file start_17.tsv (TSV, N, CA and C atoms)
chain	number	residue	atom	x	y	z
N	1	MET	N	-15.94	6.38	-2.12
N	1	MET	CA	-14.50	6.30	-2.02
N	1	MET	C	-13.90	6.98	-3.24
N	2	GLU	N	-12.81	7.63	-3.03
N	2	GLU	CA	-12.09	8.29	-4.11
N	2	GLU	C	-11.61	7.28	-5.14
N	3	LYS	N	-11.49	7.73	-6.37
N	3	LYS	CA	-10.91	6.89	-7.41
N	3	LYS	C	-9.41	6.79	-7.15
N	4	PHE	N	-8.86	5.59	-7.35
N	4	PHE	CA	-7.43	5.39	-7.12
N	4	PHE	C	-6.62	6.19	-8.12
N	5	ASP	N	-5.60	6.87	-7.62
N	5	ASP	CA	-4.70	7.66	-8.46
N	5	ASP	C	-3.27	7.29	-8.08
N	6	LEU	N	-2.57	6.64	-9.00
N	6	LEU	CA	-1.22	6.15	-8.74
N	6	LEU	C	-0.26	7.28	-8.39
N	7	ASP	N	-0.37	8.41	-9.07
N	7	ASP	CA	0.53	9.53	-8.78
N	7	ASP	C	0.31	10.06	-7.37
N	8	SER	N	-0.93	10.12	-6.93
N	8	SER	CA	-1.21	10.57	-5.56
N	8	SER	C	-0.66	9.59	-4.54
N	9	MET	N	-0.77	8.29	-4.84
N	9	MET	CA	-0.22	7.27	-3.94
N	9	MET	C	1.29	7.45	-3.83
N	10	ARG	N	1.94	7.67	-4.96
N	10	ARG	CA	3.40	7.88	-4.94
N	10	ARG	C	3.76	9.10	-4.11
N	11	GLU	N	2.99	10.17	-4.25
N	11	GLU	CA	3.24	11.38	-3.47
N	11	GLU	C	3.08	11.12	-1.97
N	12	ARG	N	2.03	10.38	-1.60
N	12	ARG	CA	1.84	10.05	-0.18
N	12	ARG	C	2.99	9.20	0.34
N	13	LEU	N	3.41	8.21	-0.45
N	13	LEU	CA	4.52	7.35	-0.04
N	13	LEU	C	5.80	8.16	0.13
N	14	ASP	N	6.12	8.98	-0.85
N	14	ASP	CA	7.32	9.80	-0.78
N	14	ASP	C	7.26	10.76	0.42
N	15	GLY	N	6.10	11.39	0.60
N	15	GLY	CA	5.94	12.32	1.72
N	15	GLY	C	6.08	11.65	3.08
N	16	GLU	N	5.55	10.44	3.20
N	16	GLU	CA	5.64	9.72	4.48
N	16	GLU	C	7.08	9.31	4.77
N	17	ILE	N	7.80	8.87	3.75
N	17	ILE	CA	9.21	8.51	3.94
N	17	ILE	C	10.00	9.73	4.38
N	18	LYS	N	9.75	10.86	3.76
N	18	LYS	CA	10.45	12.11	4.15
N	18	LYS	C	10.04	12.54	5.54
N	19	ARG	N	8.73	12.42	5.86
N	19	ARG	CA	8.26	12.80	7.19
N	19	ARG	C	8.96	11.99	8.28
N	20	GLN	N	9.19	10.72	7.99
N	20	GLN	CA	9.85	9.85	8.96
N	20	GLN	C	11.38	9.96	8.90
N	21	ARG	N	11.87	10.77	7.98
N	21	ARG	CA	13.32	10.98	7.80
N	21	ARG	C	14.05	9.66	7.57
N	22	ARG	N	13.47	8.88	6.66
N	22	ARG	CA	14.07	7.60	6.31
N	22	ARG	C	14.44	7.63	4.83
N	23	SER	N	15.25	6.71	4.42
N	23	SER	CA	15.59	6.62	3.00
N	23	SER	C	14.71	5.57	2.33
N	24	MET	N	14.57	5.69	1.03
N	24	MET	CA	13.80	4.71	0.27
N	24	MET	C	14.43	3.33	0.39
N	25	THR	N	15.75	3.30	0.40
N	25	THR	CA	16.47	2.03	0.54
N	25	THR	C	16.16	1.38	1.88
N	26	GLU	N	16.19	2.17	2.94
N	26	GLU	CA	15.90	1.65	4.28
N	26	GLU	C	14.49	1.07	4.35
N	27	VAL	N	13.52	1.78	3.79
N	27	VAL	CA	12.15	1.30	3.82
N	27	VAL	C	12.03	0.00	3.02
N	28	SER	N	12.66	-0.04	1.86
N	28	SER	CA	12.64	-1.26	1.04
N	28	SER	C	13.19	-2.45	1.81
N	29	GLU	N	14.34	-2.26	2.43
N	29	GLU	CA	14.99	-3.35	3.15
N	29	GLU	C	14.18	-3.75	4.38
N	30	THR	N	13.61	-2.78	5.10
N	30	THR	CA	12.79	-3.09	6.26
N	30	THR	C	11.56	-3.90	5.84
N	31	ALA	N	11.06	-3.62	4.65
N	31	ALA	CA	9.90	-4.35	4.13
N	31	ALA	C	10.27	-5.71	3.55
N	32	GLY	N	11.57	-6.03	3.52
N	32	GLY	CA	12.01	-7.31	2.98
N	32	GLY	C	12.07	-7.34	1.47
N	33	LEU	N	12.21	-6.18	0.87
N	33	LEU	CA	12.24	-6.06	-0.59
N	33	LEU	C	13.63	-5.68	-1.07
N	34	SER	N	13.83	-5.70	-2.37
N	34	SER	CA	15.13	-5.31	-2.91
N	34	SER	C	15.39	-3.83	-2.60
N	35	LYS	N	16.64	-3.46	-2.55
N	35	LYS	CA	17.03	-2.10	-2.15
N	35	LYS	C	16.32	-1.00	-2.94
N	36	GLY	N	16.14	-1.21	-4.22
N	36	GLY	CA	15.58	-0.17	-5.07
N	36	GLY	C	14.08	-0.24	-5.29
N	37	TYR	N	13.38	-1.13	-4.59
N	37	TYR	CA	11.96	-1.34	-4.88
N	37	TYR	C	11.12	-0.07	-4.65
N	38	VAL	N	11.27	0.56	-3.50
N	38	VAL	CA	10.48	1.75	-3.21
N	38	VAL	C	10.86	2.88	-4.16
N	39	ARG	N	12.13	3.02	-4.47
N	39	ARG	CA	12.57	4.04	-5.42
N	39	ARG	C	11.92	3.81	-6.78
N	40	ASN	N	11.81	2.55	-7.18
N	40	ASN	CA	11.18	2.24	-8.47
N	40	ASN	C	9.71	2.64	-8.48
N	41	ILE	N	9.05	2.51	-7.36
N	41	ILE	CA	7.64	2.93	-7.27
N	41	ILE	C	7.54	4.44	-7.41
N	42	ILE	N	8.35	5.14	-6.63
N	42	ILE	CA	8.24	6.60	-6.57
N	42	ILE	C	8.80	7.27	-7.83
N	43	ALA	N	9.97	6.88	-8.24
N	43	ALA	CA	10.65	7.59	-9.32
N	43	ALA	C	10.40	7.01	-10.72
N	44	ARG	N	10.13	5.72	-10.79
N	44	ARG	CA	10.03	5.09	-12.10
N	44	ARG	C	8.62	4.61	-12.45
N	45	GLY	N	7.69	4.81	-11.53
N	45	GLY	CA	6.31	4.47	-11.83
N	45	GLY	C	5.94	3.01	-11.74
N	46	GLN	N	6.80	2.20	-11.11
N	46	GLN	CA	6.47	0.78	-10.94
N	46	GLN	C	5.20	0.65	-10.11
N	47	VAL	N	4.32	-0.25	-10.50
N	47	VAL	CA	3.09	-0.50	-9.76
N	47	VAL	C	3.34	-1.68	-8.83
N	48	PRO	N	3.24	-1.45	-7.51
N	48	PRO	CA	3.52	-2.53	-6.56
N	48	PRO	C	2.39	-3.54	-6.49
N	49	THR	N	2.74	-4.78	-6.20
N	49	THR	CA	1.72	-5.78	-5.93
N	49	THR	C	1.17	-5.52	-4.53
N	50	ILE	N	-0.01	-6.05	-4.24
N	50	ILE	CA	-0.64	-5.77	-2.95
N	50	ILE	C	0.17	-6.32	-1.79
N	51	ASP	N	0.82	-7.47	-1.96
N	51	ASP	CA	1.61	-8.01	-0.85
N	51	ASP	C	2.82	-7.14	-0.57
N	52	LYS	N	3.43	-6.60	-1.61
N	52	LYS	CA	4.59	-5.72	-1.40
N	52	LYS	C	4.16	-4.37	-0.86
N	53	LEU	N	3.02	-3.90	-1.31
N	53	LEU	CA	2.48	-2.66	-0.78
N	53	LEU	C	2.18	-2.80	0.71
N	54	HIS	N	1.63	-3.93	1.09
N	54	HIS	CA	1.34	-4.19	2.50
N	54	HIS	C	2.63	-4.23	3.31
N	55	ALA	N	3.68	-4.85	2.77
N	55	ALA	CA	4.98	-4.90	3.46
N	55	ALA	C	5.55	-3.50	3.64
N	56	ILE	N	5.42	-2.66	2.63
N	56	ILE	CA	5.90	-1.27	2.73
N	56	ILE	C	5.12	-0.52	3.80
N	57	CYS	N	3.81	-0.70	3.82
N	57	CYS	CA	2.99	-0.04	4.84
N	57	CYS	C	3.37	-0.51	6.24
N	58	ASN	N	3.62	-1.79	6.40
N	58	ASN	CA	4.07	-2.30	7.70
N	58	ASN	C	5.40	-1.68	8.09
N	59	ALA	N	6.31	-1.57	7.14
N	59	ALA	CA	7.63	-0.98	7.42
N	59	ALA	C	7.50	0.48	7.86
N	60	LEU	N	6.52	1.18	7.29
N	60	LEU	CA	6.32	2.59	7.63
N	60	LEU	C	5.31	2.78	8.76
N	61	GLU	N	4.67	1.67	9.18
N	61	GLU	CA	3.63	1.71	10.21
N	61	GLU	C	2.48	2.64	9.82
N	62	ILE	N	2.03	2.46	8.55
N	62	ILE	CA	0.88	3.19	8.04
N	62	ILE	C	-0.13	2.17	7.51
N	63	LYS	N	-1.33	2.60	7.24
N	63	LYS	CA	-2.39	1.72	6.76
N	63	LYS	C	-2.47	1.77	5.23
N	64	VAL	N	-2.78	0.61	4.65
N	64	VAL	CA	-2.89	0.49	3.19
N	64	VAL	C	-3.94	1.45	2.62
N	65	PRO	N	-5.16	1.55	3.20
N	65	PRO	CA	-6.14	2.47	2.62
N	65	PRO	C	-5.65	3.92	2.57
N	66	TRP	N	-4.92	4.33	3.59
N	66	TRP	CA	-4.40	5.70	3.58
N	66	TRP	C	-3.41	5.87	2.44
N	67	LEU	N	-2.52	4.91	2.26
N	67	LEU	CA	-1.55	5.03	1.18
N	67	LEU	C	-2.23	5.01	-0.18
N	68	LEU	N	-3.20	4.11	-0.37
N	68	LEU	CA	-3.87	4.00	-1.66
N	68	LEU	C	-4.78	5.19	-1.97
N	69	TYR	N	-5.56	5.61	-0.97
N	69	TYR	CA	-6.61	6.60	-1.23
N	69	TYR	C	-6.52	7.88	-0.40
N	70	GLY	N	-5.60	7.91	0.56
N	70	GLY	CA	-5.49	9.09	1.40
N	70	GLY	C	-6.59	9.18	2.44
N	71	ILE	N	-7.19	8.02	2.79
N	71	ILE	CA	-8.28	8.00	3.76
N	71	ILE	C	-7.99	7.00	4.87
N	72	SER	N	-8.66	7.18	5.97
N	72	SER	CA	-8.62	6.20	7.05
N	72	SER	C	-9.94	5.44	7.03
N	73	VAL	N	-9.88	4.17	7.36
N	73	VAL	CA	-11.09	3.36	7.41
N	73	VAL	C	-11.26	2.81	8.82
N	74	PRO	N	-12.50	2.49	9.20
N	74	PRO	CA	-12.72	1.92	10.53
N	74	PRO	C	-11.99	0.58	10.67
N	75	PRO	N	-11.63	0.21	11.90
N	75	PRO	CA	-10.92	-1.05	12.11
N	75	PRO	C	-11.63	-2.26	11.52
N	76	GLU	N	-12.97	-2.25	11.54
N	76	GLU	CA	-13.70	-3.38	10.99
N	76	GLU	C	-13.42	-3.54	9.49
N	77	ALA	N	-13.26	-2.44	8.80
N	77	ALA	CA	-13.01	-2.49	7.35
N	77	ALA	C	-11.58	-2.95	7.04
N	78	GLU	N	-10.70	-2.82	8.01
N	78	GLU	CA	-9.33	-3.28	7.81
N	78	GLU	C	-9.30	-4.77	7.46
N	79	ALA	N	-10.28	-5.52	7.95
N	79	ALA	CA	-10.34	-6.96	7.67
N	79	ALA	C	-10.41	-7.23	6.18
N	80	ILE	N	-11.05	-6.35	5.44
N	80	ILE	CA	-11.15	-6.53	3.99
N	80	ILE	C	-9.77	-6.42	3.35
N	81	PHE	N	-8.99	-5.46	3.78
N	81	PHE	CA	-7.64	-5.30	3.23
N	81	PHE	C	-6.73	-6.45	3.66
N	82	ASP	N	-6.93	-6.94	4.87
N	82	ASP	CA	-6.18	-8.11	5.32
N	82	ASP	C	-6.51	-9.33	4.47
N	83	LEU	N	-7.79	-9.49	4.14
N	83	LEU	CA	-8.21	-10.60	3.29
N	83	LEU	C	-7.59	-10.49	1.90
N	84	LEU	N	-7.51	-9.29	1.38
N	84	LEU	CA	-6.90	-9.08	0.07
N	84	LEU	C	-5.45	-9.56	0.07
N	85	GLU	N	-4.74	-9.25	1.14
N	85	GLU	CA	-3.34	-9.66	1.21
N	85	GLU	C	-3.21	-11.18	1.38
N	86	ARG	N	-4.01	-11.75	2.28
N	86	ARG	CA	-3.89	-13.17	2.58
N	86	ARG	C	-4.41	-14.08	1.48
N	87	ASP	N	-5.54	-13.72	0.91
N	87	ASP	CA	-6.18	-14.61	-0.05
N	87	ASP	C	-6.94	-13.80	-1.11
N	88	PRO	N	-6.24	-13.36	-2.14
N	88	PRO	CA	-6.89	-12.53	-3.17
N	88	PRO	C	-8.12	-13.17	-3.80
N	89	LYS	N	-8.14	-14.51	-3.95
N	89	LYS	CA	-9.30	-15.17	-4.56
N	89	LYS	C	-10.56	-14.95	-3.71
N	90	LYS	N	-10.41	-15.07	-2.39
N	90	LYS	CA	-11.55	-14.83	-1.50
N	90	LYS	C	-11.97	-13.37	-1.55
N	91	PHE	N	-10.99	-12.48	-1.63
N	91	PHE	CA	-11.30	-11.05	-1.71
N	91	PHE	C	-12.13	-10.76	-2.95
N	92	TYR	N	-11.70	-11.27	-4.10
N	92	TYR	CA	-12.43	-11.00	-5.34
N	92	TYR	C	-13.80	-11.67	-5.35
N	93	ALA	N	-13.92	-12.82	-4.69
N	93	ALA	CA	-15.23	-13.45	-4.55
N	93	ALA	C	-16.15	-12.58	-3.70
N	94	LEU	N	-15.62	-12.03	-2.62
N	94	LEU	CA	-16.38	-11.11	-1.76
N	94	LEU	C	-16.78	-9.87	-2.53
N	95	LEU	N	-15.88	-9.33	-3.31
N	95	LEU	CA	-16.16	-8.15	-4.12
N	95	LEU	C	-17.26	-8.45	-5.14
N	96	GLU	N	-17.21	-9.61	-5.75
N	96	GLU	CA	-18.24	-9.98	-6.72
N	96	GLU	C	-19.61	-10.09	-6.05
N	97	LEU	N	-19.65	-10.67	-4.86
N	97	LEU	CA	-20.91	-10.76	-4.11
N	97	LEU	C	-21.45	-9.37	-3.77
N	98	ALA	N	-20.55	-8.47	-3.39
N	98	ALA	CA	-20.96	-7.13	-3.02
N	98	ALA	C	-21.53	-6.35	-4.20
N	99	GLN	N	-21.06	-6.66	-5.39
N	99	GLN	CA	-21.53	-5.95	-6.58
N	99	GLN	C	-22.78	-6.57	-7.18
N	100	ALA	N	-23.17	-7.74	-6.70
N	100	ALA	CA	-24.35	-8.43	-7.26
N	100	ALA	C	-25.63	-7.77	-6.83
call {"tool": "encode", "arguments": {"input": "start_17.tsv", "output": "structure tokens"}}
result
Amino acid sequence: MEKFDLDSMRERLDGEIKRQRRSMTEVSETAGLSKGYVRNIIARGQVPTIDKLHAICNALEIKVPWLLYGISVPPEAEAIFDLLERDPKKFYALLELAQA
């Protein structure tokens, strides 16, 4: 898997918003976030939390792995990202087991 690059993630997010012809404010509000949240990520370098990132992806109808790494993952692997959002402690426990 590619190494995570925040600038590349911001570029993908900005590009997807433009592709959908939506505003950053609209995406923020659709995701249930403050009006300027997405703008802060793209323009000011704010690092989103995983739950807010997931909300943004839902608002844009895109997948978290694509936004983070620019890749698609099989549906079975999506469960890992779902676990990260629902219960980060379980996710990190799973990650620790995988690295053992």
call {"tool": "residues_near_point", "arguments": {"input": "start_17.tsv", "point": "(9.0, -1.5, 1.4)", "cutoff": "8 Å", "atoms": "all atoms listed in the file", "output": "short mmCIF file (atom, residue, chain, number, x, y, z; two decimals) with N, CA and C atoms, in the frame of the given file"}}
result
data_model
loop_
_atom_site.label_atom_id
_atom_site.label_comp_id
_atom_site.auth_asym_id
_atom_site.auth_seq_id
_atom_site.Cartn_x
_atom_site.Cartn_y
_atom_site.Cartn_z
N MET N 24 14.57 5.69 1.03
CA MET N 24 13.80 4.71 0.27
C MET N 24 14.43 3.33 0.39
N THR N 25 15.75 3.30 0.40
CA THR N 25 16.47 2.03 0.54
C THR N 25 16.16 1.38 1.88
N GLU N 26 16.19 2.17 2.94
CA GLU N 26 15.90 1.65 4.28
C GLU N 26 14.49 1.07 4.35
N VAL N 27 13.52 1.78 3.79
CA VAL N 27 12.15 1.30 3.82
C VAL N 27 12.03 0.00 3.02
N SER N 28 12.66 -0.04 1.86
CA SER N 28 12.64 -1.26 1.04
C SER N 28 13.19 -2.45 1.81
N GLU N 29 14.34 -2.26 2.43
CA GLU N 29 14.99 -3.35 3.15
C GLU N 29 14.18 -3.75 4.38
N THR N 30 13.61 -2.78 5.10
CA THR N 30 12.79 -3.09 6.26
C THR N 30 11.56 -3.90 5.84
N ALA N 31 11.06 -3.62 4.65
CA ALA N 31 9.90 -4.35 4.13
C ALA N 31 10.27 -5.71 3.55
N GLY N 32 11.57 -6.03 3.52
CA GLY N 32 12.01 -7.31 2.98
C GLY N 32 12.07 -7.34 1.47
N LEU N 33 12.21 -6.18 0.87
CA LEU N 33 12.24 -6.06 -0.59
C LEU N 33 13.63 -5.68 -1.07
N SER N 34 13.83 -5.70 -2.37
CA SER N 34 15.13 -5.31 -2.91
C SER N 34 15.39 -3.83 -2.60
N TYR N 37 13.38 -1.13 -4.59
CA TYR N 37 11.96 -1.34 -4.88
C TYR N 37 11.12 -0.07 -4.65
N VAL N 38 11.27 0.56 -3.50
CA VAL N 38 10.48 1.75 -3.21
C VAL N 38 10.86 2.88 -4.16
N LYS N 52 3.43 -6.60 -1.61
CA LYS N 52 4.59 -5.72 -1.40
C LYS N 52 4.16 -4.37 -0.86
N LEU N 53 3.02 -3.90 -1.31
CA LEU N 53 2.48 -2.66 -0.78
C LEU N 53 2.18 -2.80 0.71
N HIS N 54 1.63 -3.93 1.09
CA HIS N 54 1.34 -4.19 2.50
C HIS N 54 2.63 -4.23 3.31
N ALA N 55 3.68 -4.85 2.77
CA ALA N 55 4.98 -4.90 3.46
C ALA N 55 5.55 -3.50 3.64
N ILE N 56 5.42 -2.66 2.63
CA ILE N 56 5.90 -1.27 2.73
C ILE N 56 5.12 -0.52 3.80
N CYS N 57 3.81 -0.70 3.82
CA CYS N 57 2.99 -0.04 4.84
C CYS N 57 3.37 -0.51 6.24
N ASN N 58 3.62 -1.79 6.40
CA ASN N 58 4.07 -2.30 7.70
C ASN N 58 5.40 -1.68 8.09
N ALA N 59 6.31 -1.57 7.14
CA ALA N 59 7.63 -0.98 7.42
C ALA N 59 7.50 0.48 7.86
N LEU N 60 6.52 1.18 7.29
CA LEU N 60 6.32 2.59 7.63
C LEU N 60 5.31 2.78 8.76
#
call {"tool": "atom_distance", "arguments": {"input": "start_17.tsv", "atom1": "CA of Leu83 in chain N", "atom2": "CA of Leu68 in chain N"}}
result
16.0 Å
call {"tool": "atom_distance", "arguments": {"input": "start_17.tsv", "atom1": "CA of Asp14 in chain N", "atom2": "CA of Val73 in chain N"}}
result
21.2 Å
